[in-house]
Each structure stands twice: as C-alpha cells, then as structure tokens.
>>> print(open('model-v4.cif').read())   # mmCIF, C-alpha atoms
data_entry
loop_
_atom_site.group_PDB
_atom_site.id
_atom_site.type_symbol
_atom_site.label_atom_id
_atom_site.label_comp_id
_atom_site.auth_asym_id
_atom_site.auth_seq_id
_atom_site.Cartn_x
_atom_site.Cartn_y
_atom_site.Cartn_z
ATOM 1 C CA GLN A 48 -11.651 144.177 148.370
ATOM 2 C CA VAL A 49 -9.318 143.269 145.541
ATOM 3 C CA GLN A 50 -8.449 139.722 144.585
ATOM 4 C CA LEU A 51 -5.212 138.957 142.732
ATOM 5 C CA VAL A 52 -4.521 135.740 140.834
ATOM 6 C CA GLU A 53 -0.991 135.059 139.610
ATOM 7 C CA SER A 54 0.198 132.677 136.940
ATOM 8 C CA GLY A 55 3.298 131.872 134.937
ATOM 9 C CA GLY A 56 5.912 130.759 137.439
ATOM 10 C CA GLY A 57 8.048 127.673 136.962
ATOM 11 C CA LEU A 58 11.491 126.228 136.481
ATOM 12 C CA VAL A 59 13.857 127.642 133.874
ATOM 13 C CA GLN A 60 17.552 127.422 133.111
ATOM 14 C CA ALA A 61 19.819 130.409 133.569
ATOM 15 C CA GLY A 62 19.576 132.709 130.576
ATOM 16 C CA GLY A 63 15.985 131.727 129.928
ATOM 17 C CA SER A 64 12.761 133.688 130.140
ATOM 18 C CA LEU A 65 9.468 133.535 131.980
ATOM 19 C CA ARG A 66 6.359 135.689 131.905
ATOM 20 C CA LEU A 67 4.305 136.241 135.018
ATOM 21 C CA SER A 68 0.720 137.482 134.886
ATOM 22 C CA CYS A 69 -1.545 138.882 137.566
ATOM 23 C CA ALA A 70 -5.262 139.411 137.102
ATOM 24 C CA ALA A 71 -7.145 141.693 139.485
ATOM 25 C CA SER A 72 -10.830 141.424 140.316
ATOM 26 C CA GLY A 73 -13.220 142.946 142.833
ATOM 27 C CA SER A 74 -12.921 146.658 143.638
ATOM 28 C CA ILE A 75 -10.592 147.302 140.718
ATOM 29 C CA GLY A 76 -11.741 150.910 140.354
ATOM 30 C CA SER A 77 -9.826 151.751 143.511
ATOM 31 C CA ILE A 78 -6.466 150.494 142.207
ATOM 32 C CA ILE A 79 -3.817 153.117 141.446
ATOM 33 C CA ALA A 80 -0.802 150.876 140.943
ATOM 34 C CA MET A 81 0.224 147.232 140.685
ATOM 35 C CA GLY A 82 3.514 145.476 140.859
ATOM 36 C CA TRP A 83 5.611 142.479 141.719
ATOM 37 C CA TYR A 84 7.659 141.694 144.792
ATOM 38 C CA ARG A 85 9.734 138.617 145.504
ATOM 39 C CA GLN A 86 11.002 136.746 148.524
ATOM 40 C CA ALA A 87 13.886 134.310 148.447
ATOM 41 C CA PRO A 88 14.465 131.783 151.249
ATOM 42 C CA GLY A 89 15.900 133.480 154.327
ATOM 43 C CA LYS A 90 15.521 136.951 152.835
ATOM 44 C CA GLN A 91 13.068 139.800 153.180
ATOM 45 C CA ARG A 92 10.444 140.493 150.562
ATOM 46 C CA GLU A 93 11.761 143.006 148.048
ATOM 47 C CA LEU A 94 10.334 145.150 145.284
ATOM 48 C CA VAL A 95 10.866 143.904 141.737
ATOM 49 C CA ALA A 96 8.808 146.300 139.614
ATOM 50 C CA THR A 97 5.734 148.478 139.846
ATOM 51 C CA ILE A 98 3.555 150.348 137.394
ATOM 52 C CA THR A 99 0.998 153.044 138.065
ATOM 53 C CA TRP A 100 -2.299 153.380 136.265
ATOM 54 C CA GLY A 101 -0.789 156.547 134.819
ATOM 55 C CA GLY A 102 1.864 154.376 133.171
ATOM 56 C CA ALA A 103 4.931 155.189 135.274
ATOM 57 C CA SER A 104 7.097 152.163 136.015
ATOM 58 C CA ASN A 105 9.804 151.519 138.570
ATOM 59 C CA TYR A 106 12.338 148.683 138.765
ATOM 60 C CA ALA A 107 14.779 147.299 141.272
ATOM 61 C CA ASP A 108 18.359 147.902 140.144
ATOM 62 C CA SER A 109 18.979 144.162 140.068
ATOM 63 C CA VAL A 110 16.389 143.600 137.316
ATOM 64 C CA LYS A 111 16.728 146.743 135.203
ATOM 65 C CA GLY A 112 17.319 145.892 131.589
ATOM 66 C CA ARG A 113 16.163 142.301 132.075
ATOM 67 C CA PHE A 114 12.579 142.572 133.349
ATOM 68 C CA THR A 115 9.689 144.546 131.872
ATOM 69 C CA ILE A 116 6.398 145.277 133.583
ATOM 70 C CA SER A 117 3.309 146.096 131.544
ATOM 71 C CA ARG A 118 -0.404 146.445 132.112
ATOM 72 C CA VAL A 119 -3.587 145.736 130.212
ATOM 73 C CA ASN A 120 -6.299 147.953 131.657
ATOM 74 C CA ALA A 121 -9.051 146.321 129.667
ATOM 75 C CA ASN A 122 -8.752 143.145 131.710
ATOM 76 C CA ASN A 123 -6.995 144.566 134.755
ATOM 77 C CA THR A 124 -3.928 142.441 134.209
ATOM 78 C CA VAL A 125 -0.276 143.130 134.815
ATOM 79 C CA HIS A 126 2.525 141.148 133.198
ATOM 80 C CA LEU A 127 6.152 140.773 134.189
ATOM 81 C CA GLN A 128 8.392 139.653 131.348
ATOM 82 C CA MET A 129 11.599 138.240 132.792
ATOM 83 C CA ASN A 130 14.535 137.708 130.447
ATOM 84 C CA SER A 131 18.150 136.675 131.001
ATOM 85 C CA LEU A 132 17.190 135.009 134.251
ATOM 86 C CA ILE A 133 19.924 134.197 136.746
ATOM 87 C CA PRO A 134 19.880 131.849 139.758
ATOM 88 C CA GLU A 135 19.657 134.873 142.058
ATOM 89 C CA ASP A 136 16.189 135.540 140.632
ATOM 90 C CA THR A 137 14.922 132.380 142.301
ATOM 91 C CA ALA A 138 12.152 133.346 144.713
ATOM 92 C CA VAL A 139 8.441 133.349 145.328
ATOM 93 C CA TYR A 140 7.006 136.222 143.323
ATOM 94 C CA TYR A 141 4.007 138.069 144.722
ATOM 95 C CA CYS A 142 1.628 140.312 142.839
ATOM 96 C CA ASN A 143 0.664 143.501 144.645
ATOM 97 C CA ALA A 144 -2.044 146.115 144.152
ATOM 98 C CA GLU A 145 -2.254 149.502 145.856
ATOM 99 C CA ASN A 146 -5.529 151.366 146.212
ATOM 100 C CA ARG A 147 -6.312 155.052 146.697
ATOM 101 C CA ASN A 148 -6.223 154.648 150.470
ATOM 102 C CA PHE A 149 -2.651 153.314 150.228
ATOM 103 C CA PHE A 150 -3.855 149.851 151.199
ATOM 104 C CA TYR A 151 -1.952 146.935 149.691
ATOM 105 C CA TYR A 152 -3.417 143.675 148.471
ATOM 106 C CA TRP A 153 -1.321 140.580 147.811
ATOM 107 C CA GLY A 154 -1.604 137.513 145.642
ATOM 108 C CA GLN A 155 -0.829 134.018 146.857
ATOM 109 C CA GLY A 156 2.613 133.946 145.242
ATOM 110 C CA THR A 157 4.118 131.941 142.418
ATOM 111 C CA GLN A 158 7.452 130.120 142.541
ATOM 112 C CA VAL A 159 10.198 130.997 140.083
ATOM 113 C CA THR A 160 13.240 128.740 140.093
ATOM 114 C CA VAL A 161 16.280 129.424 137.918
ATOM 115 C CA SER A 162 18.774 126.585 137.642
ATOM 116 C CA SER A 163 22.439 127.156 136.898
#
>>> encode(input="model-v4.cif", output="structure tokens")
Amino acid sequence: QVQLVESGGGLVQAGGSLRLSCAASGSIGSIIAMGWYRQAPGKQRELVATITWGGASNYADSVKGRFTISRVNANNTVHLQMNSLIPEDTAVYYCNAENRNFFYYWGQGTQVTVSS
C-alpha cells in the first residue's frame, strides 16, 4: 500500500503561481512513477504531468511551458510548480503513484481555483 498526502492548493489570481506537493509513504519501494491529474466540474479527470523514477517527465499540452514537475527521492516527494495560471486551470488536483504492477494509488485531492 502507498499513501499519498497532497498540499499547496488554494485560490490565486490569473497570472499567479502555486506549488503543489505530494508526499508518498508506505510501500514506496514499489513506486516507478508519480504525477498529477486534475478534474474540473463536469469534466473527466485528465493528466497534468508525470515523472518516472528514471527522471523522464511528461506534460499535457495545455500546461507545457507553464507547469514543472520535479521529484525529491530522499523524501519521496513530488512537486508541481504552476506558473502563469489561467482560470481554465481551476480544478481538483490529484496526486498519483504507479507501482511496478501498474497499480495506481491516488491522493485525496487538493482544490486549485484561479480567479479572472
């Protein structure tokens, strides 16, 4: 089992920045990748960014150039730096971890609201 605890959401004006963090605990030796997904009201959950333990990262086209995902292996934490936020970024952001058996764990979600 892997437990994920998110932090860093909140309310910000358009053009502002937020930094999300996700700390993993439990069977962390089984994790091969972590990332962030988001779900806006009335929409499906979508990928935002992922990073493998080998260091490869992947971003949704809508956030490329604005968001940066990074990891700190020493404390099993992943950060999502979000810059130049726009109202369309408003959503609940979920941390995700994938293990070697391709099983996905999810955090409880953190709200990000961008006002215009």
>>> resolve_selection(input="model-v4.cif", expression="the PyMOL selection byres ((chain A and resi 117) around 10)", output="ChimeraX atom specification")
/A:68,81-82,96-99,102-104,115-116,118-120,124-128
>>> residues_around(input="model-v4.cif", residues="Thr137 (chain A)", least_positions_apart="3", cutoff="10 Å", atoms="only C-alpha atoms", output="list in words")
Gly57, Leu58, Val59, Arg85, Gln86, Ala87, Pro88, Leu132, Ile133, Pro134, Tyr140, Gln158, Val159, Thr160, Val161 and Ser162 of chain A
>>> atom_distance(input="model-v4.cif", atom1="CA of Leu67 (chain A)", atom2="CA of Met129 (chain A)")
7.9 Å
>>> closest_residue(input="model-v4.cif", among="A:Leu51, A:Val110, A:Leu65, A:Ala80", to="Glu93 (chain A)", atoms="all atoms listed in the file")
A:Val110
>>> atom_distance(input="model-v4.cif", atom1="CA of Cys142 (chain A)", atom2="CA of Gly73 (chain A)")
15.1 Å
>>> atom_distance(input="model-v4.cif", atom1="CA of Glu53 (chain A)", atom2="CA of Tyr84 (chain A)")
12.1 Å
>>> closest_residue(input="model-v4.cif", among="A:Gln50, A:Ser64, A:Ser163, A:Ser77", to="Phe149 (chain A)", atoms="all atoms listed in the file")
A:Ser77
>>> closest_residue(input="model-v4.cif", among="A:Tyr106, A:Trp83, A:Trp153, A:Phe114", to="Val52 (chain A)", atoms="only C-alpha atoms")
A:Trp153
>>> build_atoms(input="model-v4.cif", residues="region 61-88 of chain A", atoms="N, CA and C atoms", output="mmCIF file, keeping the file's coordinate frame")
data_model
loop_
_atom_site.group_PDB
_atom_site.id
_atom_site.type_symbol
_atom_site.label_atom_id
_atom_site.label_comp_id
_atom_site.auth_asym_id
_atom_site.auth_seq_id
_atom_site.Cartn_x
_atom_site.Cartn_y
_atom_site.Cartn_z
ATOM 1 N N ALA A 61 19.215 129.082 133.612
ATOM 2 C CA ALA A 61 19.819 130.409 133.569
ATOM 3 C C ALA A 61 19.926 130.881 132.118
ATOM 4 N N GLY A 62 19.591 132.151 131.916
ATOM 5 C CA GLY A 62 19.576 132.709 130.576
ATOM 6 C C GLY A 62 18.222 132.641 129.910
ATOM 7 N N GLY A 63 17.314 131.887 130.495
ATOM 8 C CA GLY A 63 15.985 131.727 129.928
ATOM 9 C C GLY A 63 15.039 132.841 130.306
ATOM 10 N N SER A 64 13.784 132.667 129.915
ATOM 11 C CA SER A 64 12.761 133.688 130.140
ATOM 12 C C SER A 64 11.500 133.064 130.730
ATOM 13 N N LEU A 65 10.790 133.877 131.478
ATOM 14 C CA LEU A 65 9.468 133.535 131.980
ATOM 15 C C LEU A 65 8.598 134.788 131.944
ATOM 16 N N ARG A 66 7.301 134.570 131.861
ATOM 17 C CA ARG A 66 6.359 135.689 131.905
ATOM 18 C C ARG A 66 5.343 135.417 132.992
ATOM 19 N N LEU A 67 5.287 136.330 133.952
ATOM 20 C CA LEU A 67 4.305 136.241 135.018
ATOM 21 C C LEU A 67 3.115 137.137 134.687
ATOM 22 N N SER A 68 1.927 136.689 135.078
ATOM 23 C CA SER A 68 0.720 137.482 134.886
ATOM 24 C C SER A 68 -0.044 137.568 136.194
ATOM 25 N N CYS A 69 -0.739 138.676 136.365
ATOM 26 C CA CYS A 69 -1.545 138.882 137.566
ATOM 27 C C CYS A 69 -2.846 139.545 137.149
ATOM 28 N N ALA A 70 -3.949 138.880 137.440
ATOM 29 C CA ALA A 70 -5.262 139.411 137.102
ATOM 30 C C ALA A 70 -5.960 139.881 138.366
ATOM 31 N N ALA A 71 -6.453 141.110 138.341
ATOM 32 C CA ALA A 71 -7.145 141.693 139.485
ATOM 33 C C ALA A 71 -8.649 141.632 139.272
ATOM 34 N N SER A 72 -9.366 141.398 140.351
ATOM 35 C CA SER A 72 -10.830 141.424 140.316
ATOM 36 C C SER A 72 -11.342 142.019 141.615
ATOM 37 N N GLY A 73 -12.636 142.330 141.646
ATOM 38 C CA GLY A 73 -13.220 142.946 142.833
ATOM 39 C C GLY A 73 -13.292 144.452 142.655
ATOM 40 N N SER A 74 -12.843 145.190 143.647
ATOM 41 C CA SER A 74 -12.921 146.658 143.638
ATOM 42 C C SER A 74 -11.772 147.250 142.822
ATOM 43 N N ILE A 75 -11.739 146.913 141.547
ATOM 44 C CA ILE A 75 -10.592 147.302 140.718
ATOM 45 C C ILE A 75 -10.572 148.794 140.431
ATOM 46 N N GLY A 76 -11.709 149.476 140.588
ATOM 47 C CA GLY A 76 -11.741 150.910 140.354
ATOM 48 C C GLY A 76 -10.933 151.700 141.363
ATOM 49 N N SER A 77 -10.593 151.072 142.473
ATOM 50 C CA SER A 77 -9.826 151.751 143.511
ATOM 51 C C SER A 77 -8.317 151.603 143.330
ATOM 52 N N ILE A 78 -7.893 150.772 142.385
ATOM 53 C CA ILE A 78 -6.466 150.494 142.207
ATOM 54 C C ILE A 78 -5.764 151.665 141.531
ATOM 55 N N ILE A 79 -4.613 152.059 142.062
ATOM 56 C CA ILE A 79 -3.817 153.117 141.446
ATOM 57 C C ILE A 79 -2.475 152.605 140.946
ATOM 58 N N ALA A 80 -2.081 151.432 141.387
ATOM 59 C CA ALA A 80 -0.802 150.876 140.943
ATOM 60 C C ALA A 80 -0.791 149.384 141.225
ATOM 61 N N MET A 81 0.002 148.664 140.440
ATOM 62 C CA MET A 81 0.224 147.232 140.685
ATOM 63 C C MET A 81 1.697 146.936 140.492
ATOM 64 N N GLY A 82 2.106 145.814 141.008
ATOM 65 C CA GLY A 82 3.514 145.476 140.859
ATOM 66 C C GLY A 82 3.827 144.073 141.308
ATOM 67 N N TRP A 83 5.116 143.780 141.318
ATOM 68 C CA TRP A 83 5.611 142.479 141.719
ATOM 69 C C TRP A 83 6.698 142.647 142.777
ATOM 70 N N TYR A 84 6.635 141.808 143.774
ATOM 71 C CA TYR A 84 7.659 141.694 144.792
ATOM 72 C C TYR A 84 8.122 140.245 144.808
ATOM 73 N N ARG A 85 9.270 139.989 145.407
ATOM 74 C CA ARG A 85 9.734 138.617 145.504
ATOM 75 C C ARG A 85 10.400 138.376 146.854
ATOM 76 N N GLN A 86 10.386 137.119 147.259
ATOM 77 C CA GLN A 86 11.002 136.746 148.524
ATOM 78 C C GLN A 86 11.740 135.435 148.338
ATOM 79 N N ALA A 87 13.045 135.500 148.517
ATOM 80 C CA ALA A 87 13.886 134.310 148.447
ATOM 81 C C ALA A 87 14.016 133.705 149.836
ATOM 82 N N PRO A 88 14.341 132.429 149.936
ATOM 83 C CA PRO A 88 14.465 131.783 151.249
ATOM 84 C C PRO A 88 15.448 132.520 152.138
#
